[in-house]
Structure formats: C-alpha cells, structure tokens
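Student: Okay, so here is query-v1.txt, and as you'll see once you scroll down, it has compact mmCIF, C-alpha atoms.
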# COMPACT_ATOMS: atom_id res chain seq x y z
CA MET A 1 0.00 0.00 0.00
CA MET A 2 1.33 3.42 -0.96
CA PHE A 3 0.42 6.02 1.65
CA ARG A 4 2.51 9.12 2.21
CA GLU A 5 0.93 12.16 3.74
CA GLN A 6 3.08 14.59 1.74
CA ILE A 7 1.72 13.34 -1.61
CA LYS A 8 -0.43 15.86 -3.50
CA VAL A 9 -2.52 15.00 -6.56
CA LEU A 10 -3.12 17.64 -9.23
CA ASP A 11 -5.85 16.85 -11.74
CA CYS A 12 -5.23 18.65 -15.05
CA THR A 13 -8.09 17.22 -17.12
CA ILE A 14 -9.31 20.61 -18.32
CA ARG A 15 -5.84 22.05 -18.96
CA ASP A 16 -4.12 19.08 -20.64
CA GLY A 17 -7.32 17.59 -22.03
CA GLY A 18 -8.20 20.98 -23.46
CA LEU A 19 -5.27 20.65 -25.87
CA MET A 20 -7.49 18.22 -27.78
CA ASN A 21 -10.42 20.61 -28.29
CA ASN A 22 -8.83 24.09 -28.10
CA HIS A 23 -10.00 24.34 -24.47
CA ASP A 24 -13.56 24.70 -25.67
CA PHE A 25 -15.38 23.14 -22.70
CA ASP A 26 -18.67 24.69 -21.64
CA GLU A 27 -19.19 25.96 -18.11
CA ARG A 28 -21.49 23.09 -17.18
CA PHE A 29 -18.83 20.51 -18.06
CA VAL A 30 -16.00 22.29 -16.21
CA ARG A 31 -18.23 22.72 -13.18
CA ALA A 32 -19.04 18.99 -13.22
CA ILE A 33 -15.33 18.14 -13.31
CA PHE A 34 -14.55 20.60 -10.51
CA LYS A 35 -17.36 19.15 -8.38
CA ALA A 36 -16.08 15.60 -8.90
CA VAL A 37 -12.47 16.56 -8.20
CA SER A 38 -13.55 18.41 -5.05
CA GLU A 39 -15.72 15.59 -3.74
CA SER A 40 -12.95 13.08 -4.37
CA GLY A 41 -10.55 15.03 -2.13
CA ILE A 42 -8.00 15.84 -4.83
CA ASP A 43 -5.56 18.55 -3.75
CA TYR A 44 -5.41 20.73 -6.88
CA MET A 45 -7.33 21.15 -10.12
CA GLU A 46 -5.62 22.83 -13.05
CA ILE A 47 -8.42 24.60 -14.83
CA GLY A 48 -6.52 25.76 -17.91
CA TYR A 49 -3.91 28.15 -19.25
CA LYS A 50 -3.39 31.83 -18.56
CA ASN A 51 -2.39 32.58 -22.15
CA SER A 52 -2.06 35.96 -23.81
CA ARG A 53 -5.13 37.01 -25.77
CA ARG A 54 -2.76 38.88 -28.10
CA LEU A 55 -1.17 35.60 -29.18
CA PHE A 56 -4.21 33.32 -29.26
CA PRO A 57 -7.31 34.54 -31.12
CA GLU A 58 -10.33 34.28 -28.86
CA ASP A 59 -12.58 33.12 -31.72
CA LYS A 60 -10.48 29.95 -32.08
CA TYR A 61 -10.15 28.97 -28.43
CA GLY A 62 -12.43 28.37 -25.49
CA ALA A 63 -12.40 30.24 -22.20
CA TRP A 64 -9.97 27.81 -20.55
CA LYS A 65 -7.14 28.91 -22.81
CA PHE A 66 -7.25 32.22 -20.90
CA CYS A 67 -8.82 31.44 -17.48
CA ALA A 68 -10.31 34.82 -16.67
CA ASP A 69 -10.90 35.07 -12.94
CA ASP A 70 -14.63 35.68 -13.48
CA ASP A 71 -14.93 32.50 -15.57
CA ILE A 72 -13.21 30.51 -12.83
CA ARG A 73 -15.59 31.93 -10.23
CA LYS A 74 -18.62 30.94 -12.34
CA VAL A 75 -17.67 27.26 -12.38
CA THR A 76 -16.48 27.03 -8.78
CA GLU A 77 -18.86 29.20 -6.75
CA GLY A 78 -21.32 27.39 -4.53
CA ILE A 79 -19.31 24.16 -4.48
CA ASN A 80 -17.92 23.34 -1.06
CA SER A 81 -14.32 22.56 -1.89
CA GLN A 82 -10.90 22.28 -0.31
CA THR A 83 -9.39 21.74 -3.77
CA LYS A 84 -6.99 24.49 -4.81
CA ILE A 85 -7.16 26.04 -8.28
CA SER A 86 -4.10 25.95 -10.53
CA VAL A 87 -3.44 27.59 -13.89
CA MET A 88 -0.50 27.10 -16.24
CA VAL A 89 1.52 29.68 -18.13
CA ASP A 90 3.99 29.04 -20.92
CA VAL A 91 7.16 31.08 -21.14
CA ASP A 92 6.67 33.90 -23.69
CA ARG A 93 2.89 33.34 -23.85
CA VAL A 94 1.60 35.23 -20.82
CA ASP A 95 0.85 38.90 -20.22
CA LEU A 96 1.97 39.71 -16.70
CA GLU A 97 -0.62 42.45 -16.37
CA ASP A 98 -3.28 39.71 -16.56
CA ILE A 99 -2.01 38.19 -13.31
CA LYS A 100 -3.64 39.92 -10.36
CA PRO A 101 -2.32 39.58 -6.81
CA LYS A 102 -3.37 36.30 -5.18
CA LYS A 103 -5.65 38.14 -2.74
CA ASP A 104 -7.77 39.34 -5.68
CA SER A 105 -7.92 36.04 -7.59
CA PRO A 106 -9.57 32.63 -7.15
CA VAL A 107 -6.31 31.02 -8.36
CA ASP A 108 -4.03 29.43 -5.75
CA MET A 109 -1.14 28.11 -7.84
CA ILE A 110 0.54 29.20 -11.07
CA ARG A 111 2.68 26.64 -12.88
CA THR A 112 5.26 27.86 -15.39
CA ALA A 113 6.06 25.46 -18.22
CA CYS A 114 9.34 25.76 -20.07
CA TYR A 115 12.04 23.88 -21.90
CA VAL A 116 15.34 23.64 -20.07
CA LYS A 117 16.89 26.21 -22.44
CA ASP A 118 14.36 28.79 -21.20
CA VAL A 119 14.80 28.23 -17.48
CA ASP A 120 16.02 31.81 -16.94
CA LYS A 121 12.69 33.12 -18.23
CA ALA A 122 10.81 30.60 -16.10
CA ILE A 123 12.67 31.69 -12.97
CA PHE A 124 11.81 35.34 -13.67
CA LEU A 125 8.11 34.54 -14.13
CA THR A 126 7.93 32.20 -11.16
CA ASN A 127 9.54 34.67 -8.77
CA HIS A 128 7.13 37.33 -10.05
CA PHE A 129 4.15 35.07 -9.30
CA ALA A 130 5.57 34.20 -5.89
CA ASP A 131 5.84 37.93 -5.14
CA LYS A 132 2.13 38.20 -5.91
CA GLY A 133 1.36 35.53 -3.32
CA TYR A 134 0.84 32.40 -5.39
CA GLU A 135 2.09 28.88 -4.89
CA THR A 136 4.35 28.16 -7.85
CA THR A 137 5.94 25.37 -9.82
CA VAL A 138 8.35 25.13 -12.72
CA ASN A 139 7.48 22.34 -15.16
CA LEU A 140 10.47 21.19 -17.23
CA MET A 141 9.07 19.91 -20.51
CA ALA A 142 10.40 17.20 -22.82
CA ILE A 143 12.68 15.93 -20.07
CA SER A 144 13.56 12.85 -22.15
CA LYS A 145 15.36 15.07 -24.68
CA VAL A 146 17.57 16.97 -22.24
CA LEU A 147 21.33 16.45 -22.14
CA GLU A 148 22.52 15.51 -18.67
CA VAL A 149 24.93 18.43 -18.36
CA ASP A 150 22.13 20.85 -19.21
CA LEU A 151 19.73 19.20 -16.77
CA ASN A 152 22.29 19.38 -13.97
CA GLU A 153 22.83 23.08 -14.57
CA CYS A 154 19.11 23.78 -14.86
CA LEU A 155 18.25 21.99 -11.60
CA SER A 156 21.08 23.77 -9.79
CA GLN A 157 19.80 27.11 -11.05
CA LEU A 158 16.26 26.35 -9.91
CA GLU A 159 17.52 25.37 -6.48
CA LYS A 160 19.60 28.52 -6.05
CA GLU A 161 17.60 31.21 -7.85
CA CYS A 162 13.94 30.18 -8.02
CA ARG A 163 11.34 30.54 -5.28
CA CYS A 164 9.05 27.86 -6.71
CA ASN A 165 7.48 25.31 -4.37
CA VAL A 166 7.82 22.39 -6.79
CA VAL A 167 10.04 21.39 -9.71
CA TYR A 168 8.19 19.11 -12.12
CA LEU A 169 9.77 16.69 -14.56
CA VAL A 170 7.50 16.37 -17.60
CA ASP A 171 7.61 13.38 -19.95
CA SER A 172 6.11 15.37 -22.82
CA ASN A 173 6.90 12.70 -25.42
CA GLY A 174 5.76 9.72 -23.37
CA ALA A 175 9.21 8.25 -23.95
CA LEU A 176 10.38 7.36 -20.43
CA PHE A 177 10.57 3.90 -18.91
CA GLN A 178 10.69 2.99 -15.24
CA GLU A 179 14.49 2.95 -15.14
CA THR A 180 14.81 6.41 -16.69
CA THR A 181 12.04 7.74 -14.46
CA GLU A 182 13.89 6.43 -11.39
CA TYR A 183 17.16 7.94 -12.59
CA LEU A 184 15.66 11.37 -13.29
CA ILE A 185 13.69 11.61 -10.04
CA LYS A 186 16.77 10.60 -8.02
CA LYS A 187 18.87 13.16 -9.90
CA ALA A 188 16.34 15.92 -9.22
CA LYS A 189 16.13 14.97 -5.54
CA SER A 190 19.92 15.02 -5.23
CA ILE A 191 20.21 18.58 -6.58
CA VAL A 192 16.93 20.24 -5.55
CA LYS A 193 16.94 20.09 -1.76
CA THR A 194 14.54 22.88 -0.74
CA LYS A 195 11.58 22.16 -3.02
CA GLU A 196 9.30 19.24 -3.77
CA ILE A 197 9.70 17.18 -6.94
CA GLY A 198 6.71 16.57 -9.18
CA PHE A 199 6.07 14.26 -12.12
CA HIS A 200 3.82 14.63 -15.18
CA ALA A 201 3.54 11.58 -17.44
CA HIS A 202 2.12 10.98 -20.92
CA ASN A 203 0.75 7.63 -22.00
CA ASN A 204 2.21 7.10 -25.48
CA GLN A 205 3.67 3.71 -24.49
CA GLN A 206 0.98 2.80 -21.91
CA LEU A 207 3.44 3.70 -19.14
CA ALA A 208 2.03 6.91 -17.65
CA PHE A 209 0.59 5.14 -14.61
CA GLY A 210 3.58 2.82 -14.17
CA ASN A 211 6.07 5.68 -14.44
CA THR A 212 4.04 7.74 -11.97
CA ILE A 213 4.21 4.85 -9.49
CA GLU A 214 7.97 4.73 -10.04
CA ALA A 215 8.21 8.46 -9.35
CA ILE A 216 6.22 8.00 -6.13
CA ILE A 217 8.51 5.19 -4.98
CA HIS A 218 11.49 7.53 -5.34
CA GLN A 219 9.86 10.34 -3.33
CA ALA A 220 8.18 12.54 -5.91
CA ASN A 221 5.32 14.04 -3.94
CA PHE A 222 3.44 16.13 -6.54
CA LEU A 223 1.65 14.00 -9.11
CA ASP A 224 -0.32 15.02 -12.19
CA SER A 225 -3.22 13.02 -13.55
CA THR A 226 -6.33 13.42 -15.68
CA ILE A 227 -9.78 11.87 -15.42
CA PHE A 228 -10.17 8.97 -17.89
CA GLY A 229 -6.62 9.83 -18.99
CA MET A 230 -7.80 12.77 -21.10
CA GLY A 231 -4.82 14.82 -22.27
CA ARG A 232 -2.86 15.83 -25.31
CA ALA A 233 -2.47 12.97 -27.78
CA ALA A 234 -2.08 9.70 -25.81
CA GLY A 235 -3.22 11.42 -22.64
CA ASN A 236 -1.91 11.19 -19.11
CA CYS A 237 -1.86 9.05 -15.99
CA PRO A 238 -5.55 8.39 -15.23
CA THR A 239 -6.75 10.05 -12.04
CA GLU A 240 -8.93 7.05 -11.20
CA LEU A 241 -5.94 4.67 -11.31
CA LEU A 242 -3.79 6.99 -9.23
CA LEU A 243 -6.44 7.41 -6.53
CA GLY A 244 -6.90 3.65 -6.45
CA PHE A 245 -3.18 3.13 -5.99
CA LEU A 246 -2.55 5.73 -3.29
CA LYS A 247 -4.84 4.15 -0.67
CA ASN A 248 -5.09 7.49 1.12
CA PRO A 249 -8.38 7.69 3.05
CA LYS A 250 -8.75 11.36 2.13
CA PHE A 251 -9.38 10.33 -1.49
CA ASP A 252 -12.75 8.98 -2.67
CA ILE A 253 -12.68 7.43 -6.14
CA ARG A 254 -16.47 7.29 -6.48
CA PRO A 255 -17.13 10.89 -7.64
CA VAL A 256 -14.47 10.42 -10.31
CA LEU A 257 -16.06 7.19 -11.51
CA ASP A 258 -19.42 8.95 -11.59
CA VAL A 259 -18.20 11.86 -13.71
CA ILE A 260 -16.49 9.42 -16.10
CA SER A 261 -19.83 7.71 -16.71
CA LYS A 262 -21.80 10.92 -17.07
CA GLU A 263 -19.35 13.25 -18.81
CA MET A 264 -16.16 11.62 -20.07
CA VAL A 265 -17.63 8.61 -21.88
CA PRO A 266 -19.96 10.81 -23.97
CA LEU A 267 -17.13 13.27 -24.64
CA ARG A 268 -14.91 10.41 -25.85
CA GLU A 269 -17.38 9.90 -28.70
CA LYS A 270 -16.64 13.44 -29.94
CA VAL A 271 -12.98 14.03 -29.05
CA GLU A 272 -10.18 11.50 -29.55
CA TRP A 273 -7.48 11.01 -26.96
CA GLY A 274 -5.60 8.08 -25.50
CA TYR A 275 -3.47 5.24 -26.78
CA VAL A 276 -3.46 4.93 -30.57
CA ILE A 277 -0.57 3.67 -32.70
CA PRO A 278 0.75 6.99 -34.10
CA TYR A 279 1.15 8.31 -30.55
CA ALA A 280 2.88 5.08 -29.60
CA ILE A 281 5.28 5.55 -32.52
CA THR A 282 6.25 9.06 -31.44
CA GLY A 283 6.73 7.77 -27.89
CA ILE A 284 8.96 4.92 -29.03
CA LEU A 285 11.05 7.33 -31.11
CA ASP A 286 11.06 10.06 -28.42
CA GLU A 287 9.46 12.57 -30.77
CA HIS A 288 6.95 15.30 -29.96
CA PRO A 289 3.43 14.01 -30.79
CA LYS A 290 2.56 17.02 -32.98
CA SER A 291 3.19 14.99 -36.16
CA ALA A 292 0.92 12.21 -34.89
CA LEU A 293 -1.78 14.72 -34.00
CA LYS A 294 -1.56 16.10 -37.54
CA LEU A 295 -1.76 12.58 -38.97
CA ARG A 296 -4.92 11.79 -36.96
CA GLU A 297 -6.62 14.77 -38.63
CA SER A 298 -5.72 13.54 -42.14
CA ASP A 299 -7.15 10.93 -44.51
CA LYS A 300 -4.10 8.75 -43.73
CA LYS A 301 -4.77 8.60 -40.00
CA ASP A 302 -4.41 4.81 -39.82
CA ASN A 303 -1.44 4.40 -42.17
CA TYR A 304 0.90 3.44 -39.34
CA ARG A 305 3.81 1.93 -41.24
CA GLU A 306 4.16 4.88 -43.59
CA PHE A 307 4.08 7.20 -40.57
CA TYR A 308 6.79 5.16 -38.82
CA ASP A 309 8.95 5.14 -41.95
CA SER A 310 8.58 8.92 -42.27
CA PHE A 311 10.94 9.27 -39.31
CA ALA A 312 13.69 7.17 -40.90
CA GLY A 313 16.89 9.15 -40.99
CA SER A 314 15.24 12.13 -39.36
CA SER A 315 17.50 14.08 -37.03
CA GLU A 316 14.95 16.74 -36.15
CA VAL A 317 15.04 17.62 -32.47
CA GLU A 318 11.99 19.23 -30.85
Could I get this structure in the form of structure tokens?

Tutor:
Amino acid sequence: MMFREQIKVLDCTIRDGGLMNNHDFDERFVRAIFKAVSESGIDYMEIGYKNSRRLFPEDKYGAWKFCADDDIRKVTEGINSQTKISVMVDVDRVDLEDIKPKKDSPVDMIRTACYVKDVDKAIFLTNHFADKGYETTVNLMAISKVLEVDLNECLSQLEKECRCNVVYLVDSNGALFQETTEYLIKKAKSIVKTKEIGFHAHNNQQLAFGNTIEAIIHQANFLDSTIFGMGRAAGNCPTELLLGFLKNPKFDIRPVLDVISKEMVPLREKVEWGYVIPYAITGILDEHPKSALKLRESDKKDNYREFYDSFAGSSEVE
C-alpha cells in the first residue's frame, strides 16, 4: 500500500485535455469536473492556461485557454471545496498584467512550463508570481530530450535562484521507462533540496501510470493526472488509477467514476485522446506528438507503417 501524507494530486483534465479541443469546454462541463475533483478530495485542479489574448485569437479557443478570474468563479462558486485552483503559463505566452495579486484572484497556484533552455525566463516569471502571493511550480518539458549536463545546470539554477514550491519533470513525449524515471527523479532529488519534486507523465507507451508509481517510490510528492486519462495525444496518468493506488483515506474514487460515466464517456465519442498507434510511434522514437496529432486529422490517419517510416533518418530535435 502506498500512503505518504506529503503526496499531493493535481488533476489537469481541463488544462491538458483541453489541448485536444482548443480548451472549448462549456461551463457546465468544467463545473461537473470541478465538483467531482472536489468531492474526491484531490488537492489541486488545473483549470486551464493563462495565455495571452494577443497571441491566441479568442474566436479559435475556449475560455480555458485564458482562465479569466470571473470565468473561474462561475464554475467554482457554490461548491464546497478544499481543492486548490491551478493555472499554467507558458514562457513567452503570458501577459503579466493579466495576473492579479493572489488576494484578488480565485487562483491558488501558477505553474510555469518551459524547456530547459528557457529556465532563466521561467525563474523570472515564477519569482514574479511568488511575489504576488501564489504557490508556484516550474514544469520542465520534454525531459527525455535533455542532455545531462544541461539538466544538472538547470536543476542547480532552480535550487539557487527560483522561489518555486515544486520542480516538475514532464515526460512530454511519453518516452520514459521505469528505469529512466527512477534515474531522473533521483537526480532531481539530489540537486533540488529545498523544493518538492513533481512528475507529469504521458501515456504514449501505456506507461504513464507505471512511471508515476515509479516516481512516487522515489519520493516525488506532486503528481499530475487526468480523469479517464484525457490529455494531449495519448493522454496522461488516469486520475482514477492513481487514486486507487494511493490508498489514502482522504481520497474517494467514487465521484471520479461517476463523472467518467456521465461526462467523459460521452465526450470520448466526440474528441479522440488516449493510446493509438501513431502516438505510440512518437513515444517509441522520443518525438513530440505534434506529427501524430496532424496525422490523426488527415485521410491517412491509420497508415501506421508509412508514418513510422517517415521518421527514418530524421535528425529533427523538438
């Protein structure tokens, strides 16, 4: 049985899942997810991105690409909840003037996503958000692609210069195995001494749940998951599996199962996510799934061998 009081679960169904429908969820749906997450005792719910409206046209994206405070209040008010609200920002895609002080916002945590090469920008943003009173994380994307010397330097910088609460390792490509997950979590723990370590897995090789367990075993205490595994491309570690594994009495899996039946199963008929072969191929080859996403929108969506062969000799690095 895996019980550790320090473990926190962050459900990012709306944020990561929204990458599959341009974050165009209606208020009723988001409210239903928030209610289920709250009733299940989950620690955080990431409700979307705080992206710049200058960079993303509002007519092409739903409200959860921007997470206006008033929109968040509409879907959360009246629900008795101890669940904290998180939003994500991407380096170079946020307008700082949109971020009000914590005392004026329903948001509790702001997570800054970046590639290792942009860690300086992430540290600047994160310290700014910390100054405004928010809990903060830095999420290091595409961790499977990072050279060890660069990762060492990045983690040291975060430890010394960043006031984030958590450093997340993100398996953006769904390329990690248990051994590499163990190695990376141990490395992060050995360098980052004053912050928690988090883990965000993708399911390209059906390993998101297994790798999350591995991260837990090696003392990662912040864990991302999504209901019914809904996330970009192959999706993420399923919230329902994670709650079942953790055996913590504060968690109740039943509200999550209920919202899967009522909301996620019908949505799955309209929006595709989860394990399909093109996403598996990009995971095996440690490639970003954008090419597989493009394939799934084409008339060749099930031409798997041709897709695999298209990578032959490719040296493109994402």

Student: Can you tell me, as a ChimeraX atom specification, what residues are no more than 6 Å from region 35-45 of chain A when counting all atoms listed in the file, ignoring any on the same chain fewer than 3 positions away?

Tutor: /A:8-12,32,81,83-86,250-253,255-256

Student: Which protein, DNA or RNA residues are at most 8 Å from (11.8, 15.5, -20.4) in the file's coordinates when you count only C-alpha atoms, listed as a list in words?

Tutor: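 Residues found, by chain and rising number: Leu140, Met141, Ala142, Ile143, Ser144, Lys145, Val146, Leu169, Val170, Asp171, Ser172 and Asn173 of chain A.
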
Student: Could you jot down the CA of Lys102 (chain A) to CA of His128 (chain A) separation for me, Å, one decimal place?

Tutor: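 One can read the CA of Lys102 (chain A) to CA of His128 (chain A) distance as 11.6 Å.
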
Student: Provide the CA of Asp108 (chain A) to CA of Asp26 (chain A) distance in Å, to one decimal place.

Tutor: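 Interatomic distance here is 22.1 Å.
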
Student: Name all residues at most 10 Å from region 205-216 of chain A (count only C-alpha atoms; drop same-chain ones fewer than 5 positions away) and give them as a PyMOL selection string.

Tutor: chain A and resi 2-4+7+169+171+173-186+197-200+221-225+229+234-239+241-242+245-246+274-277+279-284

Student: By how many Å are CA of Val167 (chain A) and CA of Met109 (chain A) apart?

Tutor: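 CA of Met109 (chain A) lies at a distance of 13.2 Å from CA of Val167 (chain A).
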